[in-house]
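Enquirer: One structure coming up, written as structure tokens, with questions to follow.
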Protein chains: 2
Amino acid sequence: MSLNETFRSLKEAQARLALENREAKDKALGAVAAAVDAYRTAILKANAGDVEKAAAGGMKEALVDRLLLNDKRIDGIIEGIADVIRLEDPIGRVSAGWKTPNGLFIERVAVPLGVAAIIYESRPNVTADAFSLAYKAGCAILLRGSSAALSSNRALLKAIREGLEQGGGISAAVSLADSGSRSEVDEILGARGWIDVILPRGGRELIRRVVENARVPVIETGEGNCHIFVDQSADEENALAVIENAKVQKPGACNAVETVLVHRSIAERFIPRLGRRLAGRVELRGDELSCAFLRQQGVLPPQLTVKAANEQDWETEYLDYILAVKIVSSLEEAIDHINRYGTKHSEAILTNDLAAAGEFCRRVDAACVYTNASTRFTDGGQFGFGAELGISTQKIHARGPMGLEALTTVKYRISGNGQVRL
Amino acid sequence: MSLNETFRSLKEAQARLALENREAKDKALGAVAAAVDAYRTAILKANAGDVEKAAAGGMKEALVDRLLLNDKRIDGIIEGIADVIRLEDPIGRVSAGWKTPNGLFIERVAVPLGVAAIIYESRPNVTADAFSLAYKAGCAILLRGSSAALSSNRALLKAIREGLEQGGGISAAVSLADSGSRSEVDEILGARGWIDVILPRGGRELIRRVVENARVPVIETGEGNCHIFVDQSADEENALAVIENAKVQKPGACNAVETVLVHRSIAERFIPRLGRRLAGRVELRGDELSCAFLRQQGVLPPQLTVKAANEQDWETEYLDYILAVKIVSSLEEAIDHINRYGTKHSEAILTNDLAAAGEFCRRVDAACVYTNASTRFTDGGQFGFGAELGISTQKIHARGPMGLEALTTVKYRISGNGQVRL
């Protein structure tokens with residue numbers, strides 16, 4: 001099928017899917033989960049081929065791991081579909097309704113967004129997550145995965161489509177753009193009138209390319225240069241645990257912390273403690289004073305790596321076992337630093353000061369602002385949204401973790417008895 | 001001020017405006033209304049210059065009328081600001097809040113969208129409407145009006161800023177891009193990181209140019225190829241009144257009807273009645289059978305103009321005293337025609353059949369679907385939103401008339417007591 005035919009077929013399928021009730025959609029998703037289970041061997045075999053090729057081609061180990069499927073991860077995919085089945089149907093919800101002075105009754109009703117396209121890298125579980133959320137929201141979806149995951153995605157798509165057919169669903173509502181050519185992406189980016197939204201999910205380069213070239217609305221995801229500010233009143237023991245968690249638990253995630261800001265009045269004690277806590281696992285890049293505190297003779301273990309930070313460190317999303325450290329003389333300075341260098345993703349203050357917590361949450365401009373918790377909780381699953389489509393870092397339409405609701409729009413339904421405008 | 005300095009100044013002002021309470025914002029807006037009144041003579045004088053230049057330059061009369069300000073229209077601007085003052089503050093509203101299994105308390109709070117830019121044509125009252133909505137929503141706004149309205153907009157901006165200063169407001173939160181050069185628009189379209197949303201408001205060409213070139217999120221407005229379907233069970237007398245209203249009351253508006261679809265079983269009687277009703281005021285462009293019904297000897301007044309419609313007529317937003325007429329053999333055919341040629345703006349069914357009304361509203365894909373009312377009601381004021389920023393015809397972020405809420409986004413506020421992710 002050419003991509004143009006695919007667009008047409010998705011649009012036509014979406015018009016039918018939009019009319020399906022929850023019962024029908026959940027039944028079809030249940031059959032998809034069963035089909036993924038039934039096709040498990042074929043999916044794992046296809047994936048093994050992708051993994052082998054990627055490793056032979058010199059792909060980084062962390063990326064190969066993202067690409068890898070195994071029985072446990074297939075179980076995860078199946079559970080993910082079951083989670084989506086349990087979610088309320090977002091469609092048909094009336095979020096407002098009122099009568100106008102001349103007697104028109106206006107209702108605002110949630111309807112499917114339409115046809116979505118997701119352009120993503122490596123992880124084949126995104127294929128199933130994005131499909132199942134889209135289907136539940138009554139949206140058709142075009143999947144454009146990375147070429148490295150092509151065989152895995154094809155095998156998954158085969159299972160999804162067979163499941164839909166067995167479950168009385170609409171199998172044309174999902175399609176894989178699998179020519180592997182770059183011009184295919186350009187066609188998607190230019191598909192005005194066919195695609196209602198494009199969701200790029202992946203590295204900075206991918207997102208930049210999509211934003212710069214798309215003529216279809218885009219929801220940007222992902223880039224997270226996240227901060228934790230340790231205020232003077234913070235519980236220091238807990239602060240160490242939160243920073244460790246936010247940095248080490250999954251450094252490649254967009255909600256991992258990249259820079260820690262420490263209040264001047266506790267810095268001399270706290271920063272060496274932080275150094276001891278992370279020594280041998282995380283490289284620290286400090287401003288001048290932090291480095292001085294960290295290099296005091298005899299205090300720190302020899303395996304701690306400390307480097308001087310420069311302007312670029314404040315801007316960098318390391319996605320690695322590296323943490324920038326900066327001393328600030330006030331809450332004000334911390335907020336200014338975050339609003340200047342942050343990517344409006346997830347920002348945390350650790351404090352016991354009520355006024356400071358309030359001020360931080362009000363003035364920091366980000367999708368998620370935390371008081372006394374790890375930034376790692378910015379995630380659709382952790383928020384209770386079921387699966388997630390990604391984390392929006394833009395301000396229009398959706399912000400933060402995107403679940404089902406991000407795939408809906410509204411329709412105004414107006415009922416009259418012959419009104420004309422005066 | 002260069003445009004780059006303007007971006008910086010707007011962003012800085014917005015950060016401060018975001019923290020203002022309703023009381024302060026309303027007080028500043030009240031002072032702006034007073035200042036517009038106080039500067040009335042200067043504004044009218046500046047506008048007279050714009051109007052004279054436009055007329056001398058050969059601008060169409062209808063467009064000159066859109067450009068024109070007079071005492072009554074200034075009163076309208078002042079009343080518009082008073083309407084916005086009366087609206088609830090959209091900021092700070094908590095639209096959801098819940099506790100996660102590990103004890104995090106998550107709230108979703110409405111916050112200002114940030115810095116908006118509006119690129120618009122002719123009508124100077126948009127300057128005041130867009131500013132007052134933006135200010136109330138805590139957004140800074142960059143106004144880029146047409147060069148034809150430059151003096152009017154400068155005079156209005158002067159009044160707005162003086163009002164803000166007198167009322168203790170933040171005058172740097174509004175700015176006019178007034179170099180008149182096209183490259184200025186390109187700079188706005190490329191201002192990633194400075195502008196959060198661009199709202200183009202005007203003709204097809206303007207909107208196309210913005211959508212194709214913007215690297216900042218855009219909300220498309222306006223194009224309305226709207227339909228009215230007269231079902232076989234419609235009250236025909238009322239149908240004539242509704243169609244007349246939707247076509248004649250303001251043909252240049254995006255919510256005016258462009259094509260009427262008539263059920264075959266009533267067409268032979270209804271279409272000649274429609275012809276008589278609109279004769280001398282509206283040119284009809286009919287499909288073959290409609291034309292035959294309209295040309296039956298002796299039935300119609302001589303001043304009725306009837307032409308044969310072609311494919312292009314179904315696609316055209318006339319914005320003029322022209323109406324396309326097509327006979328359809330079923331509700332199904334009417335819905336298919338609308339979903340094929342419509343611009344997803346405003347679509348109406350006139351019927352007394354409950355099932356047909358329900359089917360039409362479910363299956364027609366548009367921002368506003370009407371049962372038994374004129375499409376002309378698609379309007380922020382008519383909906384009770386106060387002023388409007390335009391009517392979104394896209395599906396993401398905002399759909400249909402856009403009032404204050406379209407200028408907000410959300411922030412998740414997460415409060416914990418030291419949680420880390422497991």
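Letters A, B, ... mark the chains of the structure tokens in the order given; residue numbers begin at 1 per chain; ligand numbers begin at 1, in order shown.
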Would you list the contacts of Arg192 in chain A as a ChimeraX atom specification, taking every protein, DNA or RNA residue within 6 Å and counting only C-alpha atoms, but skipping same-chain residues closer than 2 positions in sequence?
Expert: /A:190,194,216
Enquirer: Since we have the selection now, will you write its residues out, keeping N, CA and C atoms, as a tab-separated table (two decimals), in the first residue's frame?
Expert:
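again_15.tsv was written with the following content:
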chain	number	residue	atom	x	y	z
A	190	GLY	N	3.99	16.10	6.10
A	190	GLY	CA	3.25	17.01	5.22
A	190	GLY	C	1.79	16.61	5.00
A	194	TRP	N	-4.99	14.70	6.41
A	194	TRP	CA	-5.06	13.26	6.63
A	194	TRP	C	-4.74	12.89	8.07
A	216	VAL	N	1.63	19.52	9.91
A	216	VAL	CA	0.52	18.97	10.68
A	216	VAL	C	0.84	19.33	12.14
Enquirer: Could you list, as an NGL selection string, the residues of chain B having an atom within 8 Å of chain A when counting only C-alpha atoms?
Expert: :B and (15 or 19 or 100 or 106 or 113 or 196-197 or 211-213 or 215 or 217-218 or 238-239 or 241-242 or 245-246 or 249 or 361-363 or 366-374 or 376-377 or 382-384 or 394-400 or 409-421)
Enquirer: Could you give me, as an MDAnalysis selection string, the residues within 12 Å of Ser290 in chain B, counting only C-alpha atoms and dropping anything in the same chain fewer than 4 positions from it?
Expert: chainID B and resid 260:264 266:275 284:286 294:296 306:309 324:328
Enquirer: Based on the backbone DSSP call, show me all residues of range 278-351 of chain A assigned helix (DSSP H, G or I), as a PyMOL selection string.
Expert: chain A and resi 278+288-294+311-315+331-341
Enquirer: Which residue out of B:Ala34, B:Cys139, B:Val230, B:Ala110 has the minimum interatomic distance to Ser329 in chain B when only C-alpha atoms are used?
Expert: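 Closest candidate: B:Val230.
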Enquirer: In range 301-386 of chain A, what's strand (DSSP E or B) per DSSP? Answer as a list in words?
Expert: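 Residues meeting the strand (DSSP E or B) criterion: Val306, Lys307, Ala308, Ile322, Leu323, Ala324, Val325, Lys326, Ile327, Val328, Ser346, Glu347, Ala348, Ile349, Leu350, Cys368, Val369, Tyr370, Thr371, Asn372 and Ala373 of chain A.
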Enquirer: Tell me, as a PyMOL selection string, which residues lie within 9 Å of Ala134 in chain A, counting only C-alpha atoms; anything in the same chain fewer than 5 positions away does not count.
Expert: chain A and resi 112+115-116+129+139-141+174+404+407
Enquirer: Could you pull the residues within 8 Å of Ile322 in chain A, counting only C-alpha atoms, minus those fewer than 3 positions along the same chain, as a PDB file with C-alpha atoms, in the first residue's frame?
Expert:
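Result file follows (out-v2.pdb):
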ATOM      1  CA  GLU A 258      20.540  16.426  35.577  1.00  0.00           C
ATOM      2  CA  VAL A 282      28.048   9.141  39.222  1.00  0.00           C
ATOM      3  CA  GLU A 283      30.453  11.751  37.920  1.00  0.00           C
ATOM      4  CA  LEU A 284      29.864  15.165  39.477  1.00  0.00           C
ATOM      5  CA  ARG A 285      30.351  18.426  37.605  1.00  0.00           C
ATOM      6  CA  TYR A 318      23.152  14.041  30.097  1.00  0.00           C
ATOM      7  CA  LEU A 319      20.935  10.936  30.108  1.00  0.00           C
TER       8      LEU A 319
END
Enquirer: For Leu143 in chain B, work out the shell of residues within 8 Å, counting only C-alpha atoms and skipping chain neighbours fewer than 6 positions away, then give it as an MDAnalysis selection string.
Expert: chainID B and resid 117:119 127 174:177
Enquirer: Keeping only N, CA and C atoms, take the residues you just selected and write them out as a PDB file, in the first residue's frame.
Expert:
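Result saved to out39.pdb:
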ATOM      1  N   ALA B 117       1.125  35.016  20.203  1.00  0.00           N
ATOM      2  CA  ALA B 117       1.236  36.006  19.128  1.00  0.00           C
ATOM      3  C   ALA B 117       0.004  35.864  18.264  1.00  0.00           C
ATOM      4  N   ILE B 118      -0.606  36.964  17.899  1.00  0.00           N
ATOM      5  CA  ILE B 118      -1.752  36.910  17.013  1.00  0.00           C
ATOM      6  C   ILE B 118      -1.421  37.697  15.749  1.00  0.00           C
ATOM      7  N   ILE B 119      -1.632  37.036  14.624  1.00  0.00           N
ATOM      8  CA  ILE B 119      -1.348  37.661  13.325  1.00  0.00           C
ATOM      9  C   ILE B 119      -2.695  37.819  12.644  1.00  0.00           C
ATOM     10  N   THR B 127      -7.527  43.912  18.109  1.00  0.00           N
ATOM     11  CA  THR B 127      -6.407  44.360  18.939  1.00  0.00           C
ATOM     12  C   THR B 127      -6.803  44.393  20.411  1.00  0.00           C
ATOM     13  N   VAL B 174       2.149  43.582  26.602  1.00  0.00           N
ATOM     14  CA  VAL B 174       1.524  43.689  25.277  1.00  0.00           C
ATOM     15  C   VAL B 174       2.440  44.493  24.375  1.00  0.00           C
ATOM     16  N   SER B 175       2.569  44.040  23.144  1.00  0.00           N
ATOM     17  CA  SER B 175       3.451  44.730  22.225  1.00  0.00           C
ATOM     18  C   SER B 175       2.901  44.602  20.814  1.00  0.00           C
ATOM     19  N   LEU B 176       3.214  45.589  19.989  1.00  0.00           N
ATOM     20  CA  LEU B 176       2.749  45.593  18.604  1.00  0.00           C
ATOM     21  C   LEU B 176       3.959  45.408  17.694  1.00  0.00           C
ATOM     22  N   ALA B 177       3.897  44.421  16.818  1.00  0.00           N
ATOM     23  CA  ALA B 177       4.953  44.252  15.819  1.00  0.00           C
ATOM     24  C   ALA B 177       4.569  45.147  14.656  1.00  0.00           C
TER      25      ALA B 177
END
Enquirer: Hey, can you check how far CA of Gly342 in chain A sits from CA of Pro200 in chain B?
Expert: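 CA of Pro200 in chain B lies at a distance of 28.6 Å from CA of Gly342 in chain A.
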Enquirer: Within 7 Å of Lys136 in chain B, counting only C-alpha atoms, which residues qualify if same-chain residues fewer than 2 places away don't, as a PyMOL selection string?
Expert: chain B and resi 25+89+132-134+138
Enquirer: Would you mind telling me which residue in B:Asp320, B:Asp75, B:Asp379, B:Glu12 lies nearest to Ala62 in chain B when using only C-alpha atoms?
Expert: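 Closest to Ala62 in chain B of all the choices is B:Asp320.
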Enquirer: So, counting only C-alpha atoms, which residue among A:Ala334, A:Ile391, A:Val32, A:Leu304 is closest to Ile160 in chain A?
Expert: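 For Ile160 in chain A, the nearest of the given residues is A:Val32.
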Enquirer: Measuring atom to atom with only C-alpha atoms, identify which of B:Ser122, B:Asn21, B:Ser330, B:Gln14 is nearest to Ser146 in chain B.
Expert: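 Looking only at the distances to Ser146 in chain B, the closest residue turns out to be B:Ser122.
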Enquirer: May I ask for the distance between CA of Gly80 in chain B and CA of Glu388 in chain B, given in Å to one decimal place?
Expert: 9.8 Å
Enquirer: CA of Pro301 in chain B and CA of Pro251 in chain B are how many Å apart?
Expert: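 Atom-to-atom, CA of Pro301 in chain B to CA of Pro251 in chain B, that is 22.4 Å.
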Enquirer: Using only C-alpha atoms, find the one residue out of B:Leu240, B:Val109, B:Leu29, B:Leu63 that sits nearest to Leu87 in chain B.
Expert: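 Distance minimum relative to Leu87 in chain B lands on B:Leu29.
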